[in-house]
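Input: a single structure, listed below in structure tokens.
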Amino acid sequence: MRLAKACLAGGAIAALVLSACTGKSGKGHETAGAGQHGGGTLYVNTSRAYTHLDPQRNYFGDAIAFDSRTLARTLTTFPPAEGTKSTDVVADVATDTGTRSADAKTWTFSIKPDVKWQDGKAVTCADFKYGISRTFATDIIESGPLYALDYLAVPRDANGQAAYDGPYKKNGQAGFDKSIDCPAPNKIVFHLRHPVADFYETLTMPAFAAVRQDKDTGAKYDSSVFSDGPYMIEGKWEPTRGGTLVRNPNWVASSDTVRKAYPDKIVVAFGDTADTVYQKLESDNGTATNTVTTTSAPPAAIATVLGPRLQNRSASVDDGYIHYLSVNVVKVPDKQVRQAIAMAVNRTAYVTAWGGSAVGSPTNSWISPLLKAYTKYDPFGVSDNGDPAKAKAVLQAAGVKLPYPIRFQYSKDNTQDKAATTLKSDLEQAGFKVTLDGLNPDTYYDIVANPKQTAEVTWARWAADWPSGSTVIPPLADGRANISQDTLGNDLAAYNDPYTNKAIDAALSLTDAAAQQQAWSALDQRIVKDGVIIPLMANKALYLYGSNIKGFLLNAAFGGFVDLAVVAVQ
Amino acid sequence: MLAYVVRRTIAIVIMLFAISVLTYLLFFAIPRDPARLTCGKVCTPELISQNRHALGLDRSIAVQYGDFLKGLVVSRDFPDDAELARTHPELIIHCHAPCLGYSPSQQTTINNVMGRAAPVTVTLTAGAFVLWMVVGVGLGVVSAVRRGSVVDKLLLGVSLIGYSFPTFFVGLILYDIVSVKYGLLPSPGYVSPAHDVGGWVSGMLAPWITLALAYTALYVRLTRAKMLDSMAGEYIRTARAKGVRAHRVVLKHGLRASLPPIITIAGLDIAGVLGATAITESVFNLDGIGKTVISAVQEADLPIILVGVLICATVVVVMNFVVDLLYAAIDPRVRYT
């Protein structure tokens, strides 16, 4: 499970997310006027290698942000803008954000003229159709997002799975062909098997980008992505080392209202430790002056980055991640006991343990404050500081034997140890006996998702794939999709509530986007008030960049990573 | 002697076989499912089991291990999928024998992965070895000759401090502070010495120093102790009495007698230094065997882990063997039958 392993200093594992910037982000953006800052070489120095550059396999925010701005254009995308403005999806390759049928099951797009591959051929509907078909070859194009399998009106097999195994083996090709129509080379029609009110947002993911069939190299495509964006790979991309991008000579600026593409060249290098990345940026020597990173500031660097010397080269952004606790409903079946845990928790102390207001803010909602589905609410009438006395009263009223024993699992590092200790003391004041169980980050989600090994309370964090509650509530709280004999999937609370499941189905079938977001908010509140999920903190990411960088912008919609559409070097 | 070599070689092969079996068993005991890693954030149990099949992980451990052994003598195809080979032969990756396997995370054969990583690790270790032998033994001799002097005491003190610093600490200081912040050392990185010897030396300087520091300190003390032993010998007094010049006494008579035990230990240390090599590679971002294996552990990439462990094990047992043979060659009193 990849809820968010980004607890590591890498910070590289964000899924695509939206969010609002804090005041400092995007500073200097206005100064990067068109044409003023063209040329030069931009360096991207990042600790953890991008997992995949192949658009259909790309599922992590850092790589999604990079791919989307350089090599893989999509029908729609997020604009380079500050805060929640970045979540207002705009047309990219398409002429507009699509025309939908009344039932939200048929979506039609037109492709702009002059959108070209790096060899000058036009990007057509067939290329998008081929790209999307690759997602179905899950044994070769593995680890990507699978929304296409669920959404497209491809016939189902006996198990209810899409009866198509991708463009390589072509079993079920005829069924797939009917789900995406190409009435003309520049026209694309999607047929969905159920209403998807926010499908135009789904299409922002590189998984829905075009791939040219004659350039596809299957599992090896990561190192040779064929570009329809403003840049292309020079020589070979090395998945663990990085590579160099140069201008795509066939990219037509007028076909692209999103990307300014200022630098002539982008050099990406992976593998330095997060501390070294920041040491290089702090010293600002040599190529470091032209460097940006997708590695957020490691704990040791935070104070320096926020200090007066570097303030004007740093920015932080709400990256859309929510930290939360899951209370296992099988192990803690009593609702009052779960609510007592929720009331006792001191969110202010939790945020302080993580590094204070620069790295997060307390929240009561499982849905990020930056999503349209967010509602501010106070489930238990306790402040951010929690109320152990009130919690104790509820616990006593539940009639359980005190102290009530709880094991708490979390992904272990120095910061998390501190945060866990504050939670333990909150809970013990309220009449619990807490055993801390810090687990190896590499195998953390495997253990907490194992029904035999998981504890009463587990830590996790999650970010939405696009700015909709559809990518928070169903993947995390639908027990039917998550729970099997061997795993809890993403549903660490083992929550499989018939009412909630029914409400999820009802919300997914809504064709009115606003009503749908309200439905997600209602479910969020229901689950939180049941004490199943205890939201703690809305995460922020902090970055430093070189002194020659102009127009630095953190894009909340892309998980708060740097937006290469507008970054320039002086 | 020949019988001894044959016996030892057979024992080495058996030992490596046992280590590889153990690595396989340990990997499957890790609470981590490589098949789970092949699908994104939202993954259904059906898809996991389908990909487990595609990865060949649903077969018994014995069968998988058998495939690995088979690959050492015959070529393999990845993925081993007859249908795909028929429809899209260009997507199949061929791995010629001896085939060490295929890495899902690096999307290439282990032969390629290790072929790229080995020169980094070999030149890192070799350079550090030369550095610590020359500097460590040299200063050890100086220390012994000037026994009790200020120089001796200083060398002993400094070597104790040098020996106490952990490799990762020295590495971070050299990289982040000395090299990045103050620019006193060239920026570290690996370029092949076949292309650019100067670039290779300047890029490897900081890693060499990092790796060699603790060993240099150790060898100063080791050489000093051995030298003091041999310099106390009767034949040294005889040589001096005969009027042999001082530096000749020290180098020819004293140091030569001290060398066999030092070389023996050095042979074993080359094998033992692999752990520190992995740390040095990680700190300096050198894609050697150690760093490759560490990231393979994070990605649950069994084929790389397996081959990495086998390479380390081979180096250790072979170096032990070589040292034993060397001992016989250096010291006429030792004979193997």
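By convention in this document, the chains of the structure tokens carry letters A, B, ... by their order, each chain's residues are numbered from 1, and ligands are numbered from 1 in the order they are shown.
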Could you give me, as JSON lines, a per-residue list for chain A showing, wherever an atom lies at most 8 Å from an atom of chain B, the closest pair of atoms and their distance in Å to one decimal, using only C-alpha atoms and sorting by chain then residue number from low to high?
```
{"residue": "A:Met1", "atom": "CA", "partner": "B:Lys41", "partner_atom": "CA", "distance": 5.8}
{"residue": "A:Arg2", "atom": "CA", "partner": "B:Lys41", "partner_atom": "CA", "distance": 5.1}
{"residue": "A:Leu3", "atom": "CA", "partner": "B:Lys41", "partner_atom": "CA", "distance": 6.6}
{"residue": "A:Tyr59", "atom": "CA", "partner": "B:Gly40", "partner_atom": "CA", "distance": 6.7}
{"residue": "A:Thr138", "atom": "CA", "partner": "B:Asn51", "partner_atom": "CA", "distance": 7.3}
{"residue": "A:Asp139", "atom": "CA", "partner": "B:Asn51", "partner_atom": "CA", "distance": 5.6}
{"residue": "A:Glu142", "atom": "CA", "partner": "B:Thr38", "partner_atom": "CA", "distance": 5.2}
{"residue": "A:Ser143", "atom": "CA", "partner": "B:Cys39", "partner_atom": "CA", "distance": 3.6}
{"residue": "A:Gly144", "atom": "CA", "partner": "B:Gly40", "partner_atom": "CA", "distance": 5.2}
{"residue": "A:Pro145", "atom": "CA", "partner": "B:Gly40", "partner_atom": "CA", "distance": 5.5}
{"residue": "A:Leu146", "atom": "CA", "partner": "B:Gly40", "partner_atom": "CA", "distance": 7.6}
{"residue": "A:Tyr168", "atom": "CA", "partner": "B:His88", "partner_atom": "CA", "distance": 6.3}
{"residue": "A:Lys169", "atom": "CA", "partner": "B:Leu84", "partner_atom": "CA", "distance": 6.2}
{"residue": "A:Thr217", "atom": "CA", "partner": "B:Leu91", "partner_atom": "CA", "distance": 6.2}
{"residue": "A:Gly218", "atom": "CA", "partner": "B:Leu91", "partner_atom": "CA", "distance": 5.8}
{"residue": "A:Ala219", "atom": "CA", "partner": "B:Gln107", "partner_atom": "CA", "distance": 6.9}
{"residue": "A:Lys220", "atom": "CA", "partner": "B:Gln107", "partner_atom": "CA", "distance": 6.2}
{"residue": "A:Pro239", "atom": "CA", "partner": "B:Gln106", "partner_atom": "CA", "distance": 6.8}
{"residue": "A:Thr240", "atom": "CA", "partner": "B:Gln106", "partner_atom": "CA", "distance": 7.4}
{"residue": "A:Gly271", "atom": "CA", "partner": "B:Asn285", "partner_atom": "CA", "distance": 5.4}
{"residue": "A:Asp272", "atom": "CA", "partner": "B:Asn285", "partner_atom": "CA", "distance": 5.3}
{"residue": "A:Thr273", "atom": "CA", "partner": "B:Val283", "partner_atom": "CA", "distance": 6.6}
{"residue": "A:Asp275", "atom": "CA", "partner": "B:Asp176", "partner_atom": "CA", "distance": 8.0}
{"residue": "A:Thr276", "atom": "CA", "partner": "B:Asp176", "partner_atom": "CA", "distance": 5.9}
{"residue": "A:Gln279", "atom": "CA", "partner": "B:Asp176", "partner_atom": "CA", "distance": 6.0}
{"residue": "A:Lys280", "atom": "CA", "partner": "B:Val180", "partner_atom": "CA", "distance": 6.0}
{"residue": "A:Ser283", "atom": "CA", "partner": "B:Lys181", "partner_atom": "CA", "distance": 5.5}
{"residue": "A:Asn285", "atom": "CA", "partner": "B:Val180", "partner_atom": "CA", "distance": 8.0}
{"residue": "A:Asp442", "atom": "CA", "partner": "B:Gln298", "partner_atom": "CA", "distance": 6.1}
{"residue": "A:Thr443", "atom": "CA", "partner": "B:Arg32", "partner_atom": "CA", "distance": 6.0}
{"residue": "A:Asp446", "atom": "CA", "partner": "B:Arg32", "partner_atom": "CA", "distance": 5.9}
{"residue": "A:Ile447", "atom": "CA", "partner": "B:Pro31", "partner_atom": "CA", "distance": 6.8}
{"residue": "A:Pro475", "atom": "CA", "partner": "B:Val42", "partner_atom": "CA", "distance": 6.3}
{"residue": "A:Ala481", "atom": "CA", "partner": "B:Thr44", "partner_atom": "CA", "distance": 6.7}
{"residue": "A:Asn482", "atom": "CA", "partner": "B:Thr44", "partner_atom": "CA", "distance": 6.8}
{"residue": "A:Ser484", "atom": "CA", "partner": "B:Pro45", "partner_atom": "CA", "distance": 6.9}
{"residue": "A:Gly489", "atom": "CA", "partner": "B:Cys43", "partner_atom": "CA", "distance": 7.3}
{"residue": "A:Asn490", "atom": "CA", "partner": "B:Val42", "partner_atom": "CA", "distance": 7.4}
```
Could you give me, as a PDB file with N, CA and C atoms, in the first residue's frame, the residues within 9 Å of region 149-162 of chain B, counting only C-alpha atoms and dropping anything in the same chain fewer than 4 positions from it?
```pdb
ATOM      1  N   LEU B 139      53.268   5.598   7.978  1.00  0.00           N
ATOM      2  CA  LEU B 139      53.253   6.325   9.254  1.00  0.00           C
ATOM      3  C   LEU B 139      53.528   5.378  10.413  1.00  0.00           C
ATOM      4  N   GLY B 140      53.105   4.121  10.263  1.00  0.00           N
ATOM      5  CA  GLY B 140      53.382   3.131  11.301  1.00  0.00           C
ATOM      6  C   GLY B 140      54.874   2.921  11.480  1.00  0.00           C
ATOM      7  N   VAL B 142      57.225   5.127  10.698  1.00  0.00           N
ATOM      8  CA  VAL B 142      57.748   6.360  11.311  1.00  0.00           C
ATOM      9  C   VAL B 142      57.515   6.327  12.817  1.00  0.00           C
ATOM     10  N   SER B 143      56.298   5.943  13.184  1.00  0.00           N
ATOM     11  CA  SER B 143      55.931   5.917  14.590  1.00  0.00           C
ATOM     12  C   SER B 143      56.823   4.953  15.374  1.00  0.00           C
ATOM     13  N   ALA B 144      57.101   3.788  14.783  1.00  0.00           N
ATOM     14  CA  ALA B 144      57.910   2.782  15.469  1.00  0.00           C
ATOM     15  C   ALA B 144      59.353   3.258  15.620  1.00  0.00           C
ATOM     16  N   VAL B 145      59.866   3.835  14.533  1.00  0.00           N
ATOM     17  CA  VAL B 145      61.267   4.276  14.558  1.00  0.00           C
ATOM     18  C   VAL B 145      61.457   5.395  15.577  1.00  0.00           C
ATOM     19  N   PRO B 166      32.785   6.933  12.787  1.00  0.00           N
ATOM     20  CA  PRO B 166      32.096   6.019  11.876  1.00  0.00           C
ATOM     21  C   PRO B 166      32.171   6.528  10.431  1.00  0.00           C
ATOM     22  N   LEU B 213      40.028   6.058   5.902  1.00  0.00           N
ATOM     23  CA  LEU B 213      40.448   6.717   7.150  1.00  0.00           C
ATOM     24  C   LEU B 213      40.571   5.755   8.331  1.00  0.00           C
ATOM     25  N   ALA B 214      39.509   5.015   8.599  1.00  0.00           N
ATOM     26  CA  ALA B 214      39.529   4.131   9.765  1.00  0.00           C
ATOM     27  C   ALA B 214      40.616   3.065   9.613  1.00  0.00           C
ATOM     28  N   TYR B 215      40.778   2.554   8.374  1.00  0.00           N
ATOM     29  CA  TYR B 215      41.776   1.505   8.148  1.00  0.00           C
ATOM     30  C   TYR B 215      43.183   2.065   8.251  1.00  0.00           C
ATOM     31  N   THR B 216      43.388   3.283   7.771  1.00  0.00           N
ATOM     32  CA  THR B 216      44.700   3.907   7.898  1.00  0.00           C
ATOM     33  C   THR B 216      45.093   3.960   9.367  1.00  0.00           C
ATOM     34  N   ALA B 217      44.162   4.434  10.184  1.00  0.00           N
ATOM     35  CA  ALA B 217      44.426   4.552  11.618  1.00  0.00           C
ATOM     36  C   ALA B 217      44.792   3.189  12.195  1.00  0.00           C
ATOM     37  N   LEU B 218      44.039   2.180  11.792  1.00  0.00           N
ATOM     38  CA  LEU B 218      44.279   0.832  12.299  1.00  0.00           C
ATOM     39  C   LEU B 218      45.664   0.339  11.891  1.00  0.00           C
ATOM     40  N   TYR B 219      46.034   0.635  10.629  1.00  0.00           N
ATOM     41  CA  TYR B 219      47.318   0.114  10.116  1.00  0.00           C
ATOM     42  C   TYR B 219      48.510   0.859  10.679  1.00  0.00           C
ATOM     43  N   VAL B 220      48.329   2.112  11.069  1.00  0.00           N
ATOM     44  CA  VAL B 220      49.407   2.819  11.759  1.00  0.00           C
ATOM     45  C   VAL B 220      49.747   2.050  13.028  1.00  0.00           C
ATOM     46  N   ARG B 221      48.706   1.697  13.786  1.00  0.00           N
ATOM     47  CA  ARG B 221      48.927   1.029  15.068  1.00  0.00           C
ATOM     48  C   ARG B 221      49.443  -0.396  14.856  1.00  0.00           C
TER      49      ARG B 221
END
```
Handout entry: Neighbour list for region 68-75 of chain B as a list in words, cut-off 8 Å, only C-alpha atoms, skip fewer than 5 positions in-chain
Key = His94, Cys95, His96, Ala97, Pro98, Cys99, Leu100 and Gly101 of chain B
Handout entry: Residue nearest Thr210 (chain B) - candidates B:Phe17, B:Tyr235, B:Val197, B:Leu131, atoms counted: only C-alpha atoms
Key =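 Counting only C-alpha atoms, the residue closest to Thr210 (chain B) is B:Leu131.
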